[in-house]
$ cat model_17.cif   # mmCIF, C-alpha atoms and all ligand atoms
data_start
#
loop_
_atom_site.label_atom_id
_atom_site.label_comp_id
_atom_site.auth_asym_id
_atom_site.auth_seq_id
_atom_site.Cartn_x
_atom_site.Cartn_y
_atom_site.Cartn_z
CA MET A 23 150.16 -214.95 -30.25
CA GLU A 24 148.18 -212.21 -31.96
CA LYS A 25 149.73 -211.08 -35.19
CA GLU A 26 151.18 -207.55 -35.07
CA LYS A 27 148.92 -204.96 -36.65
CA LYS A 28 151.06 -203.16 -39.15
CA VAL A 29 151.40 -201.50 -42.51
CA ILE A 30 154.43 -201.68 -44.75
CA LEU A 31 154.91 -198.74 -47.07
CA LYS A 32 155.67 -198.98 -50.77
CA LYS A 33 159.05 -197.88 -52.02
CA GLY A 34 159.21 -194.32 -53.35
CA PRO A 35 158.67 -190.69 -52.35
CA GLY A 36 155.59 -191.63 -50.26
CA ALA A 37 157.75 -193.70 -47.92
CA GLN A 38 160.26 -190.87 -47.67
CA ASN A 39 157.54 -188.36 -46.81
CA ALA A 40 156.18 -190.61 -44.05
CA LEU A 41 159.44 -190.11 -42.15
CA TRP A 42 158.22 -186.66 -41.10
CA HIS A 43 154.61 -186.27 -42.24
CA PRO A 44 151.92 -188.00 -40.08
CA TRP A 45 149.44 -188.73 -42.90
CA ILE A 46 149.59 -191.93 -44.90
CA TYR A 47 147.32 -192.25 -47.92
CA ARG A 48 146.14 -195.53 -49.37
CA SER A 49 148.46 -195.11 -52.38
CA GLN A 50 151.52 -195.12 -50.09
CA ILE A 51 150.69 -198.50 -48.54
CA GLY A 52 152.17 -201.75 -49.83
CA GLU A 53 150.77 -204.19 -47.32
CA ILE A 54 148.44 -204.26 -44.30
CA SER A 55 148.56 -207.19 -41.87
CA GLY A 56 147.14 -208.21 -38.51
CA SER A 57 143.54 -207.31 -39.54
CA PRO A 58 143.33 -203.91 -37.84
CA SER A 59 139.85 -202.48 -37.16
CA PRO A 60 138.95 -198.80 -37.68
CA GLY A 61 140.61 -196.70 -34.98
CA ASP A 62 143.15 -199.38 -34.00
CA ARG A 63 146.76 -198.66 -33.27
CA LEU A 64 149.25 -200.14 -35.71
CA SER A 65 152.93 -199.96 -36.48
CA VAL A 66 154.21 -198.37 -39.65
CA TYR A 67 157.25 -199.82 -41.39
CA GLY A 68 159.23 -198.50 -44.31
CA PRO A 69 159.75 -200.63 -47.45
CA HIS A 70 162.92 -202.11 -45.90
CA LYS A 71 160.97 -203.09 -42.74
CA ARG A 72 162.38 -200.25 -40.65
CA PHE A 73 159.97 -199.07 -37.91
CA ILE A 74 158.99 -195.47 -38.66
CA GLY A 75 156.15 -194.85 -36.23
CA ALA A 76 152.93 -195.90 -34.58
CA GLY A 77 149.62 -194.57 -35.87
CA THR A 78 145.89 -195.09 -35.97
CA PHE A 79 144.12 -196.92 -38.76
CA ASN A 80 140.96 -195.89 -40.58
CA PRO A 81 140.20 -197.56 -43.92
CA LYS A 82 137.14 -195.28 -44.39
CA SER A 83 139.25 -192.16 -44.65
CA GLU A 84 141.47 -191.18 -47.57
CA ILE A 85 144.16 -190.82 -44.92
CA VAL A 86 144.33 -194.46 -43.90
CA VAL A 87 146.96 -194.05 -41.18
CA ARG A 88 147.78 -191.08 -38.95
CA ILE A 89 151.11 -191.39 -37.19
CA LEU A 90 150.97 -190.28 -33.57
CA SER A 91 154.40 -191.25 -32.29
CA ARG A 92 157.81 -192.24 -33.60
CA THR A 93 158.58 -194.76 -30.85
CA PRO A 94 156.72 -197.91 -29.72
CA ALA A 95 155.87 -196.28 -26.32
CA PRO A 96 152.23 -196.60 -25.21
CA TRP A 97 149.67 -193.84 -25.72
CA ASP A 98 148.62 -193.45 -22.12
CA LYS A 99 147.74 -190.50 -19.94
CA SER A 100 151.37 -189.49 -19.49
CA PHE A 101 151.99 -189.56 -23.25
CA PHE A 102 149.13 -187.10 -23.81
CA LYS A 103 150.10 -184.99 -20.81
CA GLU A 104 153.54 -184.51 -22.29
CA ARG A 105 152.21 -183.49 -25.71
CA ILE A 106 149.61 -181.15 -24.19
CA GLY A 107 152.26 -179.69 -21.87
CA ALA A 108 154.54 -178.89 -24.82
CA ALA A 109 151.63 -177.29 -26.67
CA MET A 110 150.80 -175.14 -23.64
CA GLU A 111 154.40 -174.05 -23.27
CA HIS A 112 154.34 -172.75 -26.86
CA ARG A 113 151.22 -170.69 -26.13
CA ALA A 114 152.58 -169.37 -22.85
CA ARG A 115 155.56 -168.01 -24.72
CA TRP A 116 153.99 -166.74 -27.95
CA VAL A 117 150.34 -165.88 -27.27
CA THR A 118 149.78 -162.62 -25.44
CA ASP A 119 147.02 -160.37 -24.25
CA THR A 120 144.05 -162.76 -24.26
CA ASN A 121 142.34 -165.45 -22.21
CA ALA A 122 140.99 -167.24 -25.28
CA CYS A 123 143.30 -169.34 -27.38
CA ARG A 124 143.80 -172.67 -29.12
CA VAL A 125 145.82 -174.88 -26.78
CA VAL A 126 146.02 -177.93 -29.03
CA ALA A 127 145.96 -177.55 -32.79
CA GLY A 128 145.90 -181.14 -34.07
CA GLU A 129 148.79 -182.19 -36.29
CA ALA A 130 150.73 -178.99 -35.58
CA ASP A 131 151.01 -180.09 -31.93
CA GLY A 132 151.65 -183.75 -32.65
CA LEU A 133 148.06 -184.72 -31.85
CA PRO A 134 146.30 -185.45 -35.18
CA GLY A 135 142.53 -185.12 -34.92
CA LEU A 136 142.46 -183.23 -31.61
CA ILE A 137 141.53 -179.58 -31.15
CA VAL A 138 141.38 -177.93 -27.73
CA ASP A 139 140.38 -174.29 -27.37
CA ARG A 140 140.42 -172.48 -24.08
CA TYR A 141 137.87 -169.78 -23.28
CA ASP A 142 138.95 -168.46 -19.91
CA GLU A 143 138.19 -171.37 -17.55
CA VAL A 144 136.36 -173.56 -20.06
CA LEU A 145 137.81 -175.94 -22.64
CA VAL A 146 136.06 -176.69 -25.92
CA VAL A 147 137.30 -179.90 -27.53
CA GLN A 148 136.93 -181.47 -30.96
CA PHE A 149 137.70 -185.10 -31.73
CA LEU A 150 137.94 -185.17 -35.49
CA THR A 151 139.30 -188.60 -36.39
CA MET A 152 138.41 -192.20 -35.64
CA GLY A 153 141.82 -192.73 -34.04
CA MET A 154 141.50 -189.78 -31.67
CA GLU A 155 137.88 -190.69 -30.91
CA LYS A 156 139.05 -194.07 -29.62
CA LEU A 157 141.69 -192.42 -27.45
CA LYS A 158 139.22 -189.99 -25.90
CA GLY A 159 139.39 -191.48 -22.38
CA ALA A 160 143.14 -191.04 -21.96
CA VAL A 161 143.07 -187.65 -23.71
CA LEU A 162 140.40 -186.25 -21.40
CA GLU A 163 142.14 -187.56 -18.31
CA ALA A 164 145.38 -185.92 -19.40
CA LEU A 165 143.62 -182.70 -20.33
CA GLY A 166 141.93 -182.40 -16.95
CA GLU A 167 145.29 -182.72 -15.20
CA ALA A 168 147.29 -180.56 -17.60
CA ILE A 169 144.82 -177.65 -17.78
CA PRO A 170 142.82 -176.89 -14.64
CA ASN A 171 139.33 -175.95 -15.87
CA ARG A 172 135.72 -175.50 -14.84
CA GLY A 173 134.15 -177.26 -17.76
CA ILE A 174 134.82 -179.25 -20.92
CA TYR A 175 132.41 -178.86 -23.82
CA GLU A 176 132.62 -181.20 -26.80
CA LYS A 177 131.92 -179.66 -30.21
CA SER A 178 132.77 -182.53 -32.54
CA ASP A 179 130.49 -181.36 -35.34
CA SER A 180 132.90 -180.79 -38.21
CA VAL A 181 132.07 -182.33 -41.62
CA SER A 182 135.41 -184.10 -41.54
CA ARG A 183 133.94 -186.51 -38.96
CA LYS A 184 131.63 -187.81 -41.66
CA TRP A 185 134.62 -188.61 -43.88
CA GLU A 186 135.99 -190.59 -40.94
CA GLY A 187 132.77 -192.55 -40.49
CA LEU A 188 131.84 -190.76 -37.24
CA GLU A 189 128.57 -189.21 -36.13
CA PRO A 190 128.64 -185.61 -34.85
CA ARG A 191 128.69 -185.19 -31.07
CA THR A 192 128.14 -182.02 -29.06
CA GLY A 193 127.49 -181.35 -25.38
CA TRP A 194 129.14 -180.93 -21.99
CA ILE A 195 131.55 -183.63 -20.90
CA GLN A 196 131.90 -182.05 -17.49
CA LYS A 197 130.53 -178.81 -16.17
CA ASP A 198 131.00 -176.55 -13.17
CA CYS A 199 130.33 -173.26 -14.96
CA GLY A 200 127.66 -171.29 -16.82
CA ASP A 201 126.65 -171.67 -20.46
CA GLU A 202 128.25 -168.35 -21.31
CA ALA A 203 131.56 -166.63 -20.75
CA THR A 204 133.10 -163.28 -21.52
CA VAL A 205 136.59 -163.44 -22.95
CA ARG A 206 139.14 -160.77 -23.67
CA GLU A 207 141.32 -160.15 -26.71
CA GLY A 208 143.45 -157.05 -26.22
CA GLY A 209 140.98 -154.29 -25.37
CA VAL A 210 138.00 -156.13 -26.87
CA ARG A 211 135.53 -158.29 -25.00
CA TYR A 212 133.42 -161.02 -26.58
CA LYS A 213 130.48 -162.94 -25.24
CA ILE A 214 130.71 -166.70 -25.88
CA ASN A 215 127.74 -169.06 -25.74
CA PHE A 216 129.21 -172.53 -25.54
CA GLY A 217 127.97 -174.79 -28.27
CA GLU A 218 126.65 -171.97 -30.45
CA GLY A 219 128.13 -170.36 -33.51
CA HIS A 220 131.01 -171.32 -35.78
CA LYS A 221 134.14 -173.22 -34.87
CA THR A 222 134.41 -173.48 -31.09
CA GLY A 223 133.08 -169.96 -30.51
CA LEU A 224 135.55 -167.50 -32.00
CA TYR A 225 137.86 -167.31 -34.99
CA LEU A 226 140.90 -167.37 -32.74
CA ASP A 227 143.25 -167.69 -35.71
CA GLN A 228 142.67 -164.04 -36.71
CA ARG A 229 143.65 -162.53 -33.33
CA GLU A 230 147.09 -161.23 -34.37
CA ASN A 231 145.67 -159.79 -37.59
CA ARG A 232 142.99 -157.96 -35.64
CA PHE A 233 145.73 -156.45 -33.45
CA LEU A 234 147.75 -155.58 -36.54
CA LEU A 235 144.94 -153.80 -38.41
CA ALA A 236 143.80 -151.97 -35.29
CA ASN A 237 147.35 -150.68 -34.79
CA LEU A 238 147.63 -149.10 -38.25
CA GLY A 239 146.29 -145.87 -36.78
CA ILE A 240 143.45 -145.56 -39.32
CA LYS A 241 140.72 -143.29 -37.94
CA GLY A 242 138.40 -143.04 -40.92
CA ASP A 243 135.77 -145.38 -42.36
CA ALA A 244 136.31 -149.13 -42.27
CA LEU A 245 134.34 -151.90 -43.93
CA ASP A 246 134.45 -155.29 -42.18
CA ALA A 247 133.09 -157.67 -44.81
CA PHE A 248 132.30 -161.20 -43.56
CA CYS A 249 132.39 -159.78 -40.03
CA TYR A 250 130.88 -162.75 -38.10
CA GLN A 251 130.64 -161.60 -34.45
CA GLY A 252 132.42 -158.36 -35.21
CA GLY A 253 136.05 -159.30 -34.47
CA PHE A 254 137.98 -156.89 -36.70
CA GLY A 255 135.36 -154.16 -36.51
CA LEU A 256 135.29 -154.08 -32.70
CA HIS A 257 139.03 -153.52 -32.54
CA LEU A 258 138.85 -150.83 -35.22
CA ALA A 259 135.90 -149.02 -33.64
CA LEU A 260 137.69 -148.92 -30.27
CA GLY A 261 140.69 -147.51 -32.16
CA GLY A 262 138.64 -144.63 -33.53
CA CYS A 263 137.26 -145.88 -36.88
CA ARG A 264 133.67 -145.69 -38.02
CA VAL A 265 132.83 -149.26 -38.97
CA LEU A 266 130.31 -150.98 -41.20
CA GLY A 267 130.10 -154.76 -40.70
CA ILE A 268 128.47 -157.13 -43.17
CA ASP A 269 127.56 -160.77 -42.69
CA ILE A 270 124.98 -163.00 -44.33
CA GLN A 271 123.96 -164.66 -41.07
CA GLU A 272 121.42 -162.89 -38.96
CA SER A 273 122.57 -164.69 -35.82
CA ALA A 274 126.15 -163.49 -36.38
CA ILE A 275 125.00 -159.88 -36.71
CA LYS A 276 122.95 -160.22 -33.54
CA GLU A 277 126.05 -161.40 -31.68
CA ALA A 278 128.12 -158.65 -33.25
CA LYS A 279 125.67 -156.02 -32.03
CA ALA A 280 125.70 -157.52 -28.54
CA ASN A 281 129.51 -157.37 -28.60
CA ARG A 282 129.37 -153.74 -29.76
CA ASP A 283 127.22 -152.89 -26.74
CA LEU A 284 129.37 -154.97 -24.39
CA ASN A 285 132.38 -152.91 -25.49
CA GLY A 286 130.59 -149.59 -25.00
CA ILE A 287 130.79 -148.65 -28.68
CA PRO A 288 127.95 -146.30 -29.72
CA PRO A 289 125.84 -147.49 -32.70
CA GLU A 290 126.83 -144.46 -34.77
CA LYS A 291 130.46 -145.71 -34.63
CA MET A 292 129.58 -149.25 -35.63
CA ASP A 293 126.74 -150.25 -37.90
CA PHE A 294 125.85 -153.58 -39.50
CA ARG A 295 124.02 -154.99 -42.49
CA THR A 296 122.77 -158.53 -42.82
CA ALA A 297 123.52 -159.19 -46.47
CA ASN A 298 125.44 -161.13 -49.05
CA VAL A 299 128.80 -159.39 -49.44
CA PHE A 300 128.80 -160.00 -53.19
CA ASP A 301 125.58 -157.94 -53.55
CA GLU A 302 126.32 -155.43 -50.83
CA LEU A 303 129.66 -154.33 -52.27
CA LYS A 304 127.78 -153.37 -55.45
CA ALA A 305 125.08 -151.59 -53.44
CA LEU A 306 127.68 -149.58 -51.51
CA GLN A 307 129.27 -148.55 -54.79
CA LYS A 308 125.90 -147.29 -56.04
CA GLU A 309 125.36 -145.39 -52.78
CA GLY A 310 128.69 -143.65 -53.35
CA ARG A 311 130.17 -144.95 -50.07
CA ARG A 312 133.95 -144.85 -49.71
CA PHE A 313 136.25 -146.43 -47.12
CA ASP A 314 139.81 -146.01 -45.84
CA LEU A 315 140.12 -149.69 -44.98
CA VAL A 316 138.27 -152.71 -46.36
CA ILE A 317 138.67 -156.16 -44.79
CA LEU A 318 137.69 -159.26 -46.76
CA ASP A 319 137.67 -162.36 -44.57
CA PRO A 320 135.45 -164.82 -46.46
CA PRO A 321 134.78 -168.40 -45.42
CA SER A 322 136.78 -171.13 -47.06
CA PHE A 323 135.34 -171.20 -50.58
CA VAL A 324 137.24 -174.47 -51.12
CA LYS A 325 137.06 -177.52 -48.89
CA LYS A 326 138.36 -179.77 -51.66
CA LYS A 327 140.92 -179.03 -54.33
CA SER A 328 138.39 -179.50 -57.14
CA ALA A 329 136.57 -176.26 -56.21
CA LEU A 330 139.63 -174.06 -56.78
CA GLU A 331 138.54 -172.40 -60.02
CA GLY A 332 135.21 -171.19 -58.64
CA ALA A 333 136.98 -169.93 -55.53
CA ALA A 334 139.46 -167.90 -57.57
CA ALA A 335 136.58 -166.24 -59.44
CA GLY A 336 134.91 -165.45 -56.09
CA TYR A 337 138.07 -163.88 -54.66
CA LYS A 338 138.61 -161.79 -57.77
CA GLU A 339 135.04 -160.54 -57.69
CA ILE A 340 135.12 -159.32 -54.08
CA LEU A 341 138.63 -157.90 -54.45
CA LEU A 342 137.66 -155.93 -57.50
CA ARG A 343 134.53 -154.53 -55.88
CA ALA A 344 136.40 -153.70 -52.67
CA MET A 345 139.11 -151.82 -54.58
CA LYS A 346 136.46 -149.62 -56.17
CA LEU A 347 135.16 -148.66 -52.71
CA LEU A 348 138.52 -147.45 -51.39
CA ASN A 349 139.63 -143.88 -51.05
CA GLU A 350 142.91 -143.13 -52.82
CA LYS A 351 145.76 -144.97 -51.02
CA GLY A 352 143.24 -146.76 -48.85
CA CYS A 353 144.11 -150.11 -47.30
CA LEU A 354 142.75 -153.48 -48.31
CA ALA A 355 143.15 -156.62 -46.20
CA VAL A 356 142.25 -159.90 -47.87
CA PHE A 357 142.42 -163.36 -46.32
CA ALA A 358 142.09 -166.93 -47.57
CA CYS A 359 141.59 -169.65 -44.98
CA SER A 360 141.87 -172.79 -47.10
CA HIS A 361 145.16 -174.61 -47.42
CA HIS A 362 144.34 -175.14 -51.12
CA VAL A 363 144.27 -171.42 -51.86
CA ASP A 364 147.94 -170.61 -51.48
CA GLU A 365 149.66 -167.24 -51.42
CA ASN A 366 150.39 -167.42 -55.14
CA LEU A 367 146.77 -167.94 -56.06
CA LEU A 368 145.55 -165.22 -53.71
CA MET A 369 148.14 -162.84 -55.18
CA GLN A 370 147.12 -163.77 -58.74
CA CYS A 371 143.49 -162.97 -57.89
CA SER A 372 144.55 -159.65 -56.33
CA LEU A 373 146.65 -158.67 -59.36
CA SER A 374 143.98 -159.66 -61.82
CA ALA A 375 141.35 -157.64 -59.91
CA ALA A 376 143.63 -154.59 -59.58
CA HIS A 377 144.52 -154.72 -63.27
CA ASP A 378 140.85 -154.77 -64.30
CA VAL A 379 140.00 -151.68 -62.22
CA ARG A 380 143.30 -149.93 -63.04
CA LYS A 381 144.70 -149.91 -59.53
CA ASP A 382 148.25 -150.19 -58.31
CA LEU A 383 149.16 -152.22 -55.23
CA ARG A 384 151.81 -152.04 -52.53
CA VAL A 385 152.10 -154.83 -50.00
CA LEU A 386 152.21 -153.41 -46.48
CA LYS A 387 152.09 -156.77 -44.67
CA PHE A 388 152.05 -160.48 -45.37
CA MET A 389 149.77 -162.02 -42.78
CA LYS A 390 149.18 -165.52 -41.43
CA GLN A 391 147.29 -167.38 -38.72
CA SER A 392 148.05 -166.53 -35.07
CA ALA A 393 150.75 -168.29 -33.05
CA ASP A 394 148.31 -170.61 -31.27
CA HIS A 395 147.65 -172.23 -34.66
CA PRO A 396 151.30 -173.15 -35.22
CA ILE A 397 152.62 -173.76 -38.71
CA ASN A 398 154.79 -176.86 -38.87
CA PRO A 399 156.56 -176.68 -42.23
CA PHE A 400 157.08 -180.46 -42.19
CA ILE A 401 153.27 -180.62 -42.47
CA PRO A 402 152.38 -178.00 -45.10
CA GLU A 403 148.64 -178.45 -44.45
CA THR A 404 149.08 -176.75 -41.06
CA TYR A 405 149.60 -173.47 -42.94
CA TYR A 406 146.11 -172.51 -44.02
CA LEU A 407 145.34 -168.86 -43.23
CA LYS A 408 147.19 -166.29 -45.28
CA GLY A 409 146.46 -162.69 -46.06
CA PHE A 410 147.81 -159.52 -47.65
CA LEU A 411 147.48 -155.96 -46.51
CA PHE A 412 147.70 -153.71 -49.55
CA SER A 413 147.86 -149.99 -50.03
CA VAL A 414 145.74 -149.35 -53.12
CA SER A 415 146.28 -146.39 -55.43
CA SER A 416 145.13 -145.35 -58.89
CA GLN A 417 147.29 -146.34 -61.83
N1 LIG B 501 136.09 -161.98 -39.74
C1 LIG B 501 135.48 -162.89 -38.79
C2 LIG B 501 135.39 -164.30 -39.28
C3 LIG B 501 134.68 -164.47 -40.59
S1 LIG B 501 134.17 -166.09 -40.93
C4 LIG B 501 136.24 -162.81 -37.47
O1 LIG B 501 137.31 -162.21 -37.41
O2 LIG B 501 135.73 -163.36 -36.50
C5 LIG B 501 133.26 -165.89 -42.39
C6 LIG B 501 131.90 -165.25 -42.23
O3 LIG B 501 131.38 -165.03 -43.53
C7 LIG B 501 130.85 -166.10 -41.52
O4 LIG B 501 130.36 -165.37 -40.42
C8 LIG B 501 129.72 -166.30 -42.54
O5 LIG B 501 128.43 -166.18 -41.99
C9 LIG B 501 129.97 -165.16 -43.50
N2 LIG B 501 129.54 -165.35 -44.90
C10 LIG B 501 129.67 -166.43 -45.68
N3 LIG B 501 129.27 -166.16 -46.95
C11 LIG B 501 128.88 -164.87 -46.96
C12 LIG B 501 128.38 -164.00 -47.97
N4 LIG B 501 128.23 -164.40 -49.23
N5 LIG B 501 128.09 -162.73 -47.63
C13 LIG B 501 128.25 -162.30 -46.36
N6 LIG B 501 128.74 -163.07 -45.37
C14 LIG B 501 129.05 -164.34 -45.66
#
$ encode --input "model_17.cif" --output "structure tokens"
Amino acid sequence: MEKEKKVILKKGPGAQNALWHPWIYRSQIGEISGSPSPGDRLSVYGPHKRFIGAGTFNPKSEIVVRILSRTPAPWDKSFFKERIGAAMEHRARWVTDTNACRVVAGEADGLPGLIVDRYDEVLVVQFLTMGMEKLKGAVLEALGEAIPNRGIYEKSDSVSRKWEGLEPRTGWIQKDCGDEATVREGGVRYKINFGEGHKTGLYLDQRENRFLLANLGIKGDALDAFCYQGGFGLHLALGGCRVLGIDIQESAIKEAKANRDLNGIPPEKMDFRTANVFDELKALQKEGRRFDLVILDPPSFVKKKSALEGAAAGYKEILLRAMKLLNEKGCLAVFACSHHVDENLLMQCSLSAAHDVRKDLRVLKFMKQSADHPINPFIPETYYLKGFLFSVSSQ
């Protein structure tokens, strides 16, 4: 008989953590037996040989095992259908006013390594781990039955695939639709070109924050720094603001302008600059421009913990420059989308910037990622997007 593929965990806090957290690092493992290959299923046992779950194995990754289930039941189509069904139920209850949302958010939905985003009738999927890659057949079968669709596009191009020993893969898995779609988010419409742009098409995680900022009732001048395809700015312009959007990528600005036109917003209400925000904030200061709302939504300056110090300096720099551009008691929204930059660090950067330019702050809102990117507090890494909305006044 074939020897059972299994790992036995070392005694200590690592074994305790594995009772609820799906990631098992090399340092937590005492013994591996049964010669598992990358992507294989194996059983995970605690130090006293108690079964604590079944997971996938990948010795190439720092996370050697990802636990997928807490019982020995098989991972077949019905297993995935149940998990996907539960994930959909959560969205049906908590996500409103859009036809674009994340239906499966990896670990947070009990499906490590799997992302499924829905853009109207089309699904965009990402298989991010060796384990999930090997389970693709059953996952796709379940997905097709659980979510009626007209196309499935694979966009498995994240750098994390490299860490897993996987090549990138993009393209249609099945298709009965066009290459483009128009989706709706509240009163805003966006054009999506499948396969192009960042993430799976849109930064869906900022939806609720876009609603929130648009509902502040600000009618003056707004600066949407790091605007990508215009998300925040489109909502604000439709709400009556005059918006300036900045992004370093020409292609993003092109899309943003197309979205502006699609939403019937006249160019004098929404203008863009293709530029580096770090330089442009200085230039705007020199031009004497002032704003009633500034939004700072930079990319993740930190993918790994080691880059934290540089990231903090970057945040402080843009915060400080943004504060100088605000009218008295203007609003400043700042976001950080890396799990490593926590609320404390973002607040420290905000305080340090405000202190240097002699500003006083009031928190109007603590913000987070939208409900279709659920935060599971048993898995702290699922909480990654945080933001503050400040009212900024002179000291
Ligand atoms: N606010 C957007 C998402 C922003 S993602 C939304 O709601 O959809 C971050 C954006 O910052 C990307 O579009 C990227 O092109 C841009 N970017 C990265 N570095 C930049 C820089 N130094 N200056 C300007 N834009 C930058």
$ residues_around --input "model_17.cif" --residues "Tyr405 of chain A" --least-positions-apart "2" --cutoff "10 Å" --atoms "all atoms listed in the file" --output "list of chain:residue names"
A:Ala130, A:Cys359, A:Ser360, A:His361, A:His362, A:Asp364, A:Lys390, A:Gln391, A:His395, A:Pro396, A:Ile397, A:Asn398, A:Pro399, A:Ile401, A:Pro402, A:Glu403, A:Leu407, A:Lys408
$ residues_around --input "model_17.cif" --residues "Cys263 of chain A" --least-positions-apart "3" --cutoff "6 Å" --atoms "only C-alpha atoms" --output "PDB file with C-alpha atoms, in the coordinates of the input"
ATOM      1  CA  LYS A 241     140.720-143.290 -37.940  1.00  0.00           C
ATOM      2  CA  GLY A 242     138.400-143.040 -40.920  1.00  0.00           C
ATOM      3  CA  ASP A 243     135.770-145.380 -42.360  1.00  0.00           C
ATOM      4  CA  LEU A 258     138.850-150.830 -35.220  1.00  0.00           C
ATOM      5  CA  ALA A 259     135.900-149.020 -33.640  1.00  0.00           C
TER       6      ALA A 259
END
$ closest_residue --input "model_17.cif" --among "A:Arg72, A:Asn366, A:Ser413, A:Gly34" --to "Val385 of chain A" --atoms "all atoms listed in the file"
A:Ser413
$ residues_around --input "model_17.cif" --residues "segment 54-65 of chain A" --least-positions-apart "5" --cutoff "9 Å" --atoms "all atoms listed in the file" --output "ChimeraX atom specification"
/A:24-31,73-82,87,89,94,151-157
$ residues_near_ligand --input "model_17.cif" --ligand "ligand LIG 501 (chain B)" --cutoff "6 Å" --atoms "all atoms listed in the file" --output "JSON, numbers by chain"
{"A": [225, 228, 248, 249, 250, 251, 253, 254, 269, 270, 271, 297, 298, 299, 300, 319, 320, 321]}
$ atom_distance --input "model_17.cif" --atom1 "atom CA of Ala334 of chain A" --atom2 "atom CA of His220 of chain A"
23.6 Å
$ closest_residue --input "model_17.cif" --among "A:Asp179, A:Glu207, A:Glu189, A:Asp98" --to "Val161 of chain A" --atoms "only C-alpha atoms"
A:Asp98
$ build_atoms --input "model_17.cif" --residues "segment 45-56 of chain A" --atoms "N, CA, C and O atoms" --output "mmCIF file, in the coordinates of the input"
data_model
loop_
_atom_site.group_PDB
_atom_site.id
_atom_site.type_symbol
_atom_site.label_atom_id
_atom_site.label_comp_id
_atom_site.auth_asym_id
_atom_site.auth_seq_id
_atom_site.Cartn_x
_atom_site.Cartn_y
_atom_site.Cartn_z
ATOM 1 N N TRP A 45 150.546 -188.163 -42.126
ATOM 2 C CA TRP A 45 149.440 -188.730 -42.900
ATOM 3 C C TRP A 45 149.935 -189.770 -43.898
ATOM 4 O O TRP A 45 150.849 -189.510 -44.679
ATOM 5 N N ILE A 46 149.260 -190.900 -43.905
ATOM 6 C CA ILE A 46 149.590 -191.930 -44.900
ATOM 7 C C ILE A 46 148.349 -192.257 -45.705
ATOM 8 O O ILE A 46 147.333 -192.702 -45.160
ATOM 9 N N TYR A 47 148.447 -191.981 -47.000
ATOM 10 C CA TYR A 47 147.320 -192.250 -47.920
ATOM 11 C C TYR A 47 147.396 -193.694 -48.408
ATOM 12 O O TYR A 47 148.457 -194.332 -48.379
ATOM 13 N N ARG A 48 146.243 -194.154 -48.883
ATOM 14 C CA ARG A 48 146.140 -195.530 -49.370
ATOM 15 C C ARG A 48 147.245 -195.851 -50.390
ATOM 16 O O ARG A 48 147.851 -196.912 -50.360
ATOM 17 N N SER A 49 147.497 -194.881 -51.295
ATOM 18 C CA SER A 49 148.460 -195.110 -52.380
ATOM 19 C C SER A 49 149.890 -195.339 -51.871
ATOM 20 O O SER A 49 150.736 -195.856 -52.599
ATOM 21 N N GLN A 50 150.166 -194.951 -50.624
ATOM 22 C CA GLN A 50 151.520 -195.120 -50.090
ATOM 23 C C GLN A 50 151.727 -196.514 -49.484
ATOM 24 O O GLN A 50 152.846 -196.885 -49.154
ATOM 25 N N ILE A 51 150.612 -197.251 -49.305
ATOM 26 C CA ILE A 51 150.690 -198.500 -48.540
ATOM 27 C C ILE A 51 150.909 -199.710 -49.448
ATOM 28 O O ILE A 51 150.211 -199.891 -50.449
ATOM 29 N N GLY A 52 151.896 -200.534 -49.074
ATOM 30 C CA GLY A 52 152.170 -201.750 -49.830
ATOM 31 C C GLY A 52 151.384 -202.928 -49.276
ATOM 32 O O GLY A 52 150.812 -203.722 -50.022
ATOM 33 N N GLU A 53 151.343 -203.013 -47.940
ATOM 34 C CA GLU A 53 150.770 -204.190 -47.320
ATOM 35 C C GLU A 53 150.197 -203.850 -45.935
ATOM 36 O O GLU A 53 150.781 -203.067 -45.181
ATOM 37 N N ILE A 54 149.032 -204.429 -45.637
ATOM 38 C CA ILE A 54 148.440 -204.260 -44.300
ATOM 39 C C ILE A 54 148.320 -205.663 -43.703
ATOM 40 O O ILE A 54 147.809 -206.564 -44.367
ATOM 41 N N SER A 55 148.762 -205.860 -42.468
ATOM 42 C CA SER A 55 148.560 -207.190 -41.870
ATOM 43 C C SER A 55 148.129 -207.083 -40.421
ATOM 44 O O SER A 55 148.216 -206.022 -39.798
ATOM 45 N N GLY A 56 147.627 -208.185 -39.892
ATOM 46 C CA GLY A 56 147.140 -208.210 -38.510
ATOM 47 C C GLY A 56 145.682 -207.833 -38.381
ATOM 48 O O GLY A 56 145.179 -207.658 -37.271
#
